[in-house]
Amino acid sequence: QVQLAESGGGSAQAGGSLRLSCAASGIASSVSRMAWFRQAPEKEREGVAVIQQDGITYYASSVKGRFTISLDGAENTQYLQMNNLKPEDAAMYYCAADYRSFYTGSWLNLNNYRYWGQGTQVTVSS
């Protein structure tokens with residue numbers, strides 16, 4: 001079993017930056033990929049970025065060039081550096097992870113992630 005704990009959420013002004021962290025515990029060595037999803041009020045949960053154990057990353061088009069996902073394998077912690085924040089980035093951000101070596105469909109598919117954190121809130125003011 002893998003447990004995920006997010007931290008680093010908060011408030012920022014448009015154009016500002018925040019860094020989210022997600023620490024994995026339990027059988028963290030079995031994790032093959034870690035990702036960030038977000039969900040705004042009355043909207044569906046959407047993928048933000050994913051990083052695989054081989055270092056390959058994918059980003060949603062809405063955050064590409066502004067957000068950077070990274071992984072500290074020694075600490076079993078992933079990060080999401082969010083720069084040039086926009087009001088539309090405001091949401092609850094969730095850390096996700098999985099142990100499988102393949103995706104079913106797109107990496108954006110929620111079913112590709114077995115483990116989820118509780119979420120951390122990001123607010124962006126204009």
# chains A, B, ... in the order shown; residues from 1 in each chain; ligands from 1
call {"tool": "residues_around", "arguments": {"residues": "Tyr99 of chain A", "least_positions_apart": "5", "cutoff": "9 Å", "atoms": "only C-alpha atoms", "output": "PyMOL selection string"}}
result
chain A and resi 28-33+113-114
call {"tool": "write_last_selection", "arguments": {"atoms": "N, CA and C atoms", "output": "CSV table (one decimal), in the first residue's frame"}}
result
chain,number,residue,atom,x,y,z
A,28,ALA,N,6.6,2.6,-1.4
A,28,ALA,CA,6.9,3.6,-2.4
A,28,ALA,C,7.8,3.1,-3.5
A,29,SER,N,8.7,2.2,-3.2
A,29,SER,CA,9.6,1.7,-4.2
A,29,SER,C,8.9,1.0,-5.4
A,30,SER,N,7.7,0.7,-5.2
A,30,SER,CA,7.0,0.0,-6.3
A,30,SER,C,6.3,1.0,-7.3
A,31,VAL,N,6.4,2.3,-6.9
A,31,VAL,CA,5.7,3.3,-7.8
A,31,VAL,C,6.4,3.4,-9.1
A,32,SER,N,5.7,3.4,-10.2
A,32,SER,CA,6.3,3.6,-11.5
A,32,SER,C,6.0,5.0,-12.1
A,33,ARG,N,5.0,5.7,-11.5
A,33,ARG,CA,4.8,7.0,-12.0
A,33,ARG,C,4.0,7.8,-10.9
A,113,TYR,N,-4.2,5.6,-12.2
A,113,TYR,CA,-3.6,5.9,-10.9
A,113,TYR,C,-4.3,5.2,-9.8
A,114,ARG,N,-3.6,4.3,-9.1
A,114,ARG,CA,-4.2,3.5,-8.1
A,114,ARG,C,-4.3,4.3,-6.7
call {"tool": "closest_atom_pairs", "arguments": {"of": "segment 48-79 of chain A", "to": "segment 83-96 of chain A", "cutoff": "10 Å", "atoms": "only C-alpha atoms", "output": "JSON lines"}}
result
{"residue": "A:Val48", "atom": "CA", "partner": "A:Tyr93", "partner_atom": "CA", "distance": 8.9}
{"residue": "A:Ala49", "atom": "CA", "partner": "A:Cys95", "partner_atom": "CA", "distance": 10.0}
{"residue": "A:Val50", "atom": "CA", "partner": "A:Ala96", "partner_atom": "CA", "distance": 8.8}
{"residue": "A:Ser62", "atom": "CA", "partner": "A:Asp89", "partner_atom": "CA", "distance": 9.0}
{"residue": "A:Val63", "atom": "CA", "partner": "A:Asp89", "partner_atom": "CA", "distance": 8.6}
{"residue": "A:Gly65", "atom": "CA", "partner": "A:Asn83", "partner_atom": "CA", "distance": 8.8}
{"residue": "A:Arg66", "atom": "CA", "partner": "A:Asn83", "partner_atom": "CA", "distance": 5.2}
{"residue": "A:Phe67", "atom": "CA", "partner": "A:Asn83", "partner_atom": "CA", "distance": 6.0}
{"residue": "A:Thr68", "atom": "CA", "partner": "A:Asn83", "partner_atom": "CA", "distance": 8.4}
{"residue": "A:Gln78", "atom": "CA", "partner": "A:Cys95", "partner_atom": "CA", "distance": 8.7}
{"residue": "A:Tyr79", "atom": "CA", "partner": "A:Cys95", "partner_atom": "CA", "distance": 9.5}
call {"tool": "closest_residue", "arguments": {"among": "A:Arg19, A:Arg38, A:Arg100, A:Arg45", "to": "Met82 of chain A", "atoms": "only C-alpha atoms"}}
result
A:Arg19
call {"tool": "closest_residue", "arguments": {"among": "A:Gln13, A:Ser61, A:Gln121, A:Thr77", "to": "Pro41 of chain A", "atoms": "only C-alpha atoms"}}
result
A:Gln121
call {"tool": "select_by_dssp", "arguments": {"residues": "chain A", "states": "strand (DSSP E or B)", "output": "number ranges by chain"}}
result
A: 2-7, 10-13, 18-26, 33-39, 46-52, 57-59, 67-72, 77-82, 91-98, 115-116, 120-125
call {"tool": "residues_around", "arguments": {"residues": "Val2 of chain A", "least_positions_apart": "5", "cutoff": "7 Å", "atoms": "only C-alpha atoms", "output": "CSV table (one decimal) with C-alpha atoms, in the first residue's frame"}}
result
chain,number,residue,atom,x,y,z
A,24,ALA,CA,5.0,8.9,-0.8
A,25,SER,CA,5.3,6.3,2.0
A,26,GLY,CA,4.5,2.6,2.3
A,27,ILE,CA,5.7,0.5,-0.6
A,28,ALA,CA,6.9,3.6,-2.4
A,115,TYR,CA,-3.2,5.8,-5.2
